[in-house]
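Okay, structure first, notes after.
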Amino acid sequence: MPKRPFIRKQKRKKHGATFWDSEYASGGEHLALSEEESEDFAKFTRWLSRQKNELVLRRDTHALDLGSGNGRNLIFLAREFGTIGVGYDLSTAAVAEAKRLSADLPITYEARSIAGKVDLEDSSQDLVLDMMTSHFLVATEREALRNEIHRVLRPGGWLFMKTFLRDDDLHTERLLKEFPADEPGSYIHPVIGVLEHAYSEEELLEFLSLKFVVHKVYRSHKHRAHGKARKRRTVSIYAQKDPYK
């Protein structure tokens, strides 16, 4: 009897919330998960503290983190400055971990998509974080979220945004070619199985400037070695809601 060919069993892909629940449950199979605050965000808080006549991070400061994960950046704000935080994350496992890590801190979490209406009052927040999160939304959802962030921020409040940068990024170039989505600059992530958008700097600044004043732009290096891609490129934006509107 002839031998049957060996067929390697394929792992079943996990999409969206299922993927993130699995990541937090496993401690990070595909992504490095940390309980330490993001250095890019910590850099922003240091910069903000040096600005005269601007928001001083303190006990009555309110912060919203869109895509809060295990709560690490809200925990940092609460421990360092006494900030009151609200975190949204799609993953119930991430929210459970965030609650465990910040049980003694003034932070509340909700397991929900960041798409749709933000359940907070107008001008109620001093700071909003969008760190590697809104790029999972389609164009109309990204626009609606930008408008919601503007609505909930007080005049003079700040948005810290970090996202993928398409310019001179070989990884993005390959993903757009091999896994294209239905909108420009977007692809279907081959592991997570959902749409992911990578901005050009010009596109991102035009998008944010319709609602905010952009003060700082920090780009990561191109991360190339001998013509080959290394890490993904990112960009961090310090943007402010007009204090006089």
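Each chain of the structure tokens is named A, B, ... in the order shown, its residues numbered from 1; ligands are numbered from 1 in display order.
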For the structure I just gave you, how does DSSP split stretch 81-234 of chain A - specifically, which residues are alpha helix (DSSP H)? Reply as an MDAnalysis selection string.
chainID A and resid 81 92:101 139:152 170:178 201:209
Take the residues from that selection and write them out as a compact mmCIF listing (two decimals), in the first residue's frame, keeping N, CA and C atoms.
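The file below, selection39.txt, is the result:
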# COMPACT_ATOMS: atom_id res chain seq x y z
N PHE A 81 1.30 60.68 38.06
CA PHE A 81 0.67 62.00 38.14
C PHE A 81 -0.68 62.01 38.86
N THR A 92 -11.43 41.18 25.77
CA THR A 92 -11.87 40.99 27.16
C THR A 92 -10.72 40.48 28.02
N ALA A 93 -9.80 39.70 27.43
CA ALA A 93 -8.65 39.21 28.18
C ALA A 93 -7.73 40.38 28.58
N ALA A 94 -7.54 41.33 27.66
CA ALA A 94 -6.71 42.50 27.96
C ALA A 94 -7.34 43.33 29.06
N VAL A 95 -8.65 43.54 28.99
CA VAL A 95 -9.35 44.33 30.01
C VAL A 95 -9.26 43.65 31.37
N ALA A 96 -9.41 42.34 31.40
CA ALA A 96 -9.29 41.60 32.67
C ALA A 96 -7.90 41.77 33.27
N GLU A 97 -6.88 41.70 32.42
CA GLU A 97 -5.51 41.88 32.90
C GLU A 97 -5.28 43.31 33.38
N ALA A 98 -5.83 44.28 32.65
CA ALA A 98 -5.68 45.69 33.04
C ALA A 98 -6.33 45.94 34.39
N LYS A 99 -7.50 45.39 34.60
CA LYS A 99 -8.18 45.56 35.89
C LYS A 99 -7.37 44.94 37.02
N ARG A 100 -6.76 43.80 36.75
CA ARG A 100 -5.95 43.14 37.78
C ARG A 100 -4.74 43.99 38.14
N LEU A 101 -4.09 44.58 37.13
CA LEU A 101 -2.87 45.34 37.36
C LEU A 101 -3.13 46.71 38.00
N ALA A 139 -11.73 53.74 6.67
CA ALA A 139 -11.58 55.19 6.54
C ALA A 139 -12.72 55.96 7.21
N THR A 140 -13.96 55.54 7.00
CA THR A 140 -15.09 56.27 7.59
C THR A 140 -15.07 56.17 9.11
N GLU A 141 -14.63 55.03 9.65
CA GLU A 141 -14.53 54.87 11.11
C GLU A 141 -13.40 55.70 11.68
N ARG A 142 -12.29 55.79 10.96
CA ARG A 142 -11.17 56.63 11.43
C ARG A 142 -11.58 58.10 11.49
N GLU A 143 -12.31 58.54 10.50
CA GLU A 143 -12.78 59.92 10.49
C GLU A 143 -13.75 60.18 11.63
N ALA A 144 -14.68 59.25 11.85
CA ALA A 144 -15.65 59.41 12.94
C ALA A 144 -14.95 59.41 14.29
N LEU A 145 -13.93 58.57 14.46
CA LEU A 145 -13.19 58.53 15.72
C LEU A 145 -12.43 59.83 15.96
N ARG A 146 -11.79 60.34 14.91
CA ARG A 146 -11.10 61.63 15.05
C ARG A 146 -12.06 62.71 15.55
N ASN A 147 -13.26 62.73 15.01
CA ASN A 147 -14.26 63.72 15.42
C ASN A 147 -14.72 63.50 16.86
N GLU A 148 -14.83 62.24 17.26
CA GLU A 148 -15.21 61.93 18.64
C GLU A 148 -14.11 62.33 19.62
N ILE A 149 -12.86 62.10 19.25
CA ILE A 149 -11.74 62.53 20.09
C ILE A 149 -11.80 64.04 20.29
N HIS A 150 -12.03 64.75 19.21
CA HIS A 150 -12.13 66.22 19.27
C HIS A 150 -13.28 66.64 20.18
N ARG A 151 -14.39 65.93 20.10
CA ARG A 151 -15.56 66.28 20.91
C ARG A 151 -15.30 66.11 22.40
N VAL A 152 -14.67 64.99 22.79
CA VAL A 152 -14.51 64.71 24.22
C VAL A 152 -13.35 65.46 24.85
N LEU A 170 9.66 49.21 3.82
CA LEU A 170 9.63 48.05 2.94
C LEU A 170 8.58 47.03 3.36
N HIS A 171 8.33 46.89 4.67
CA HIS A 171 7.30 45.97 5.15
C HIS A 171 5.93 46.37 4.60
N THR A 172 5.60 47.66 4.75
CA THR A 172 4.30 48.14 4.27
C THR A 172 4.17 47.97 2.76
N GLU A 173 5.24 48.27 2.06
CA GLU A 173 5.25 48.11 0.60
C GLU A 173 4.89 46.67 0.21
N ARG A 174 5.48 45.71 0.93
CA ARG A 174 5.19 44.29 0.63
C ARG A 174 3.76 43.92 0.99
N LEU A 175 3.29 44.37 2.16
CA LEU A 175 1.94 44.04 2.61
C LEU A 175 0.88 44.62 1.66
N LEU A 176 1.10 45.84 1.20
CA LEU A 176 0.15 46.46 0.27
C LEU A 176 0.11 45.71 -1.06
N LYS A 177 1.24 45.18 -1.46
CA LYS A 177 1.32 44.44 -2.72
C LYS A 177 0.71 43.05 -2.61
N GLU A 178 1.00 42.34 -1.50
CA GLU A 178 0.61 40.94 -1.37
C GLU A 178 -0.78 40.75 -0.76
N GLU A 201 3.04 60.38 5.90
CA GLU A 201 3.07 61.53 6.81
C GLU A 201 2.17 62.65 6.29
N GLU A 202 2.20 62.90 5.01
CA GLU A 202 1.37 63.96 4.43
C GLU A 202 -0.11 63.69 4.66
N GLU A 203 -0.52 62.45 4.45
CA GLU A 203 -1.91 62.06 4.65
C GLU A 203 -2.33 62.23 6.11
N LEU A 204 -1.48 61.78 7.03
CA LEU A 204 -1.82 61.84 8.45
C LEU A 204 -1.93 63.28 8.93
N LEU A 205 -1.00 64.12 8.53
CA LEU A 205 -1.04 65.52 8.97
C LEU A 205 -2.26 66.24 8.40
N GLU A 206 -2.59 65.96 7.15
CA GLU A 206 -3.79 66.56 6.56
C GLU A 206 -5.04 66.09 7.30
N PHE A 207 -5.09 64.81 7.64
CA PHE A 207 -6.23 64.22 8.34
C PHE A 207 -6.42 64.85 9.72
N LEU A 208 -5.35 64.98 10.49
CA LEU A 208 -5.44 65.51 11.85
C LEU A 208 -5.63 67.03 11.86
N SER A 209 -5.03 67.73 10.91
CA SER A 209 -5.07 69.19 10.91
C SER A 209 -6.47 69.75 10.65
Find the residues near stretch 61-74 of chain A: any atom within 8 Å, counting only C-alpha atoms, skip ones fewer than 5 places away on the same chain, and give them as a ChimeraX atom specification.
/A:34-38,41,82-91,94-99,101-102,107,114,124-133
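The environment of stretch 187-190 of chain A within 12 Å, counting only C-alpha atoms and disregarding residues fewer than 4 places along the same chain, consists of Lys13, Lys14, His15, Gly16, Phe19, His135, Phe136, Leu137, Val138, Arg166, His171, Thr172, Glu173, Arg174, Leu175, Leu176, Lys177, Glu178, Phe179, Pro180, Ala181, Asp182, Glu183, Val194, Leu195, Glu196, His197, Ala198 and Tyr199 of chain A.
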Determine which residues of stretch 50-156 of chain A receive a DSSP assignment of strand (DSSP E or B), computed from the backbone, and state them as a PyMOL selection string.
chain A and resi 62-66+84-89+107-111+125-131+153-156
If you keep N, CA and C atoms, can you produce a file of those selected residues as a JSON list (two decimals), in the first residue's frame?
[["chain", "number", "residue", "atom", "x", "y", "z"],
["A", 62, "HIS", "N", -7.93, 64.10, 33.36],
["A", 62, "HIS", "CA", -8.66, 62.94, 32.86],
["A", 62, "HIS", "C", -8.07, 62.48, 31.52],
["A", 63, "ALA", "N", -7.84, 61.19, 31.41],
["A", 63, "ALA", "CA", -7.22, 60.64, 30.20],
["A", 63, "ALA", "C", -8.03, 59.45, 29.69],
["A", 64, "LEU", "N", -8.19, 59.39, 28.37],
["A", 64, "LEU", "CA", -8.85, 58.28, 27.68],
["A", 64, "LEU", "C", -7.83, 57.57, 26.82],
["A", 65, "ASP", "N", -7.73, 56.26, 26.97],
["A", 65, "ASP", "CA", -6.82, 55.45, 26.16],
["A", 65, "ASP", "C", -7.64, 54.56, 25.25],
["A", 66, "LEU", "N", -7.54, 54.80, 23.95],
["A", 66, "LEU", "CA", -8.28, 54.03, 22.94],
["A", 66, "LEU", "C", -7.40, 52.87, 22.49],
["A", 84, "ILE", "N", -6.77, 60.41, 36.35],
["A", 84, "ILE", "CA", -7.99, 59.58, 36.33],
["A", 84, "ILE", "C", -8.15, 59.05, 34.90],
["A", 85, "GLY", "N", -8.25, 57.75, 34.74],
["A", 85, "GLY", "CA", -8.22, 57.17, 33.40],
["A", 85, "GLY", "C", -9.44, 56.36, 33.02],
["A", 86, "VAL", "N", -9.69, 56.31, 31.70],
["A", 86, "VAL", "CA", -10.69, 55.43, 31.10],
["A", 86, "VAL", "C", -10.00, 54.71, 29.95],
["A", 87, "GLY", "N", -10.17, 53.38, 29.89],
["A", 87, "GLY", "CA", -9.55, 52.61, 28.83],
["A", 87, "GLY", "C", -10.57, 51.77, 28.07],
["A", 88, "TYR", "N", -10.49, 51.80, 26.75],
["A", 88, "TYR", "CA", -11.30, 50.94, 25.88],
["A", 88, "TYR", "C", -10.38, 49.94, 25.20],
["A", 89, "ASP", "N", -10.79, 48.68, 25.17],
["A", 89, "ASP", "CA", -10.04, 47.69, 24.40],
["A", 89, "ASP", "C", -11.00, 46.60, 23.92],
["A", 107, "ILE", "N", -8.85, 54.10, 37.63],
["A", 107, "ILE", "CA", -8.97, 53.80, 36.20],
["A", 107, "ILE", "C", -10.15, 52.85, 36.01],
["A", 108, "THR", "N", -10.95, 53.10, 34.99],
["A", 108, "THR", "CA", -12.03, 52.18, 34.61],
["A", 108, "THR", "C", -11.78, 51.70, 33.19],
["A", 109, "TYR", "N", -12.20, 50.47, 32.92],
["A", 109, "TYR", "CA", -11.98, 49.88, 31.60],
["A", 109, "TYR", "C", -13.29, 49.33, 31.04],
["A", 110, "GLU", "N", -13.35, 49.30, 29.72],
["A", 110, "GLU", "CA", -14.52, 48.72, 29.06],
["A", 110, "GLU", "C", -14.04, 47.91, 27.86],
["A", 111, "ALA", "N", -14.55, 46.68, 27.74],
["A", 111, "ALA", "CA", -14.24, 45.84, 26.59],
["A", 111, "ALA", "C", -15.18, 46.21, 25.45],
["A", 125, "GLN", "N", -12.32, 65.35, 28.70],
["A", 125, "GLN", "CA", -11.00, 64.73, 28.79],
["A", 125, "GLN", "C", -9.89, 65.74, 28.52],
["A", 126, "ASP", "N", -8.79, 65.60, 29.26],
["A", 126, "ASP", "CA", -7.62, 66.46, 29.05],
["A", 126, "ASP", "C", -6.63, 65.84, 28.06],
["A", 127, "LEU", "N", -6.67, 64.52, 27.95],
["A", 127, "LEU", "CA", -5.69, 63.80, 27.15],
["A", 127, "LEU", "C", -6.34, 62.55, 26.56],
["A", 128, "VAL", "N", -6.07, 62.30, 25.27],
["A", 128, "VAL", "CA", -6.53, 61.08, 24.61],
["A", 128, "VAL", "C", -5.33, 60.39, 23.97],
["A", 129, "LEU", "N", -5.24, 59.09, 24.16],
["A", 129, "LEU", "CA", -4.18, 58.29, 23.56],
["A", 129, "LEU", "C", -4.78, 57.40, 22.47],
["A", 130, "ASP", "N", -4.17, 57.43, 21.31],
["A", 130, "ASP", "CA", -4.49, 56.51, 20.22],
["A", 130, "ASP", "C", -3.15, 55.93, 19.76],
["A", 131, "MET", "N", -2.79, 54.81, 20.36],
["A", 131, "MET", "CA", -1.48, 54.23, 20.12],
["A", 131, "MET", "C", -1.61, 52.88, 19.42],
["A", 153, "LEU", "N", -12.41, 65.96, 24.03],
["A", 153, "LEU", "CA", -11.31, 66.74, 24.58],
["A", 153, "LEU", "C", -11.78, 68.14, 24.97],
["A", 154, "ARG", "N", -11.27, 68.61, 26.08],
["A", 154, "ARG", "CA", -11.55, 70.00, 26.45],
["A", 154, "ARG", "C", -10.75, 70.91, 25.52],
["A", 155, "PRO", "N", -11.15, 72.18, 25.36],
["A", 155, "PRO", "CA", -10.33, 73.13, 24.60],
["A", 155, "PRO", "C", -8.91, 73.18, 25.19],
["A", 156, "GLY", "N", -7.92, 73.01, 24.35],
["A", 156, "GLY", "CA", -6.54, 72.96, 24.83],
["A", 156, "GLY", "C", -6.06, 71.58, 25.20]]
For a quick check of understanding, using only C-alpha atoms, which of A:Asp242, A:Asp122, A:Glu54, A:Asp104 has the smallest distance to A:Val214?
A:Asp242
What's the 7 Å shell around A:Phe212, counting only C-alpha atoms, without same-chain residues fewer than 6 positions away, as a PDB file with C-alpha atoms, in the first residue's frame?
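File written: part-v5.pdb
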ATOM      1  CA  ALA A 239      -1.707  67.327  18.576  1.00  0.00           C
ATOM      2  CA  GLN A 240      -3.835  69.816  20.491  1.00  0.00           C
ATOM      3  CA  LYS A 241      -7.442  70.892  20.345  1.00  0.00           C
ATOM      4  CA  ASP A 242      -7.606  74.643  19.777  1.00  0.00           C
TER       5      ASP A 242
END
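For the pair atom CA of A:Leu57 and atom CA of A:Tyr238, the interatomic distance is 15.1 Å.
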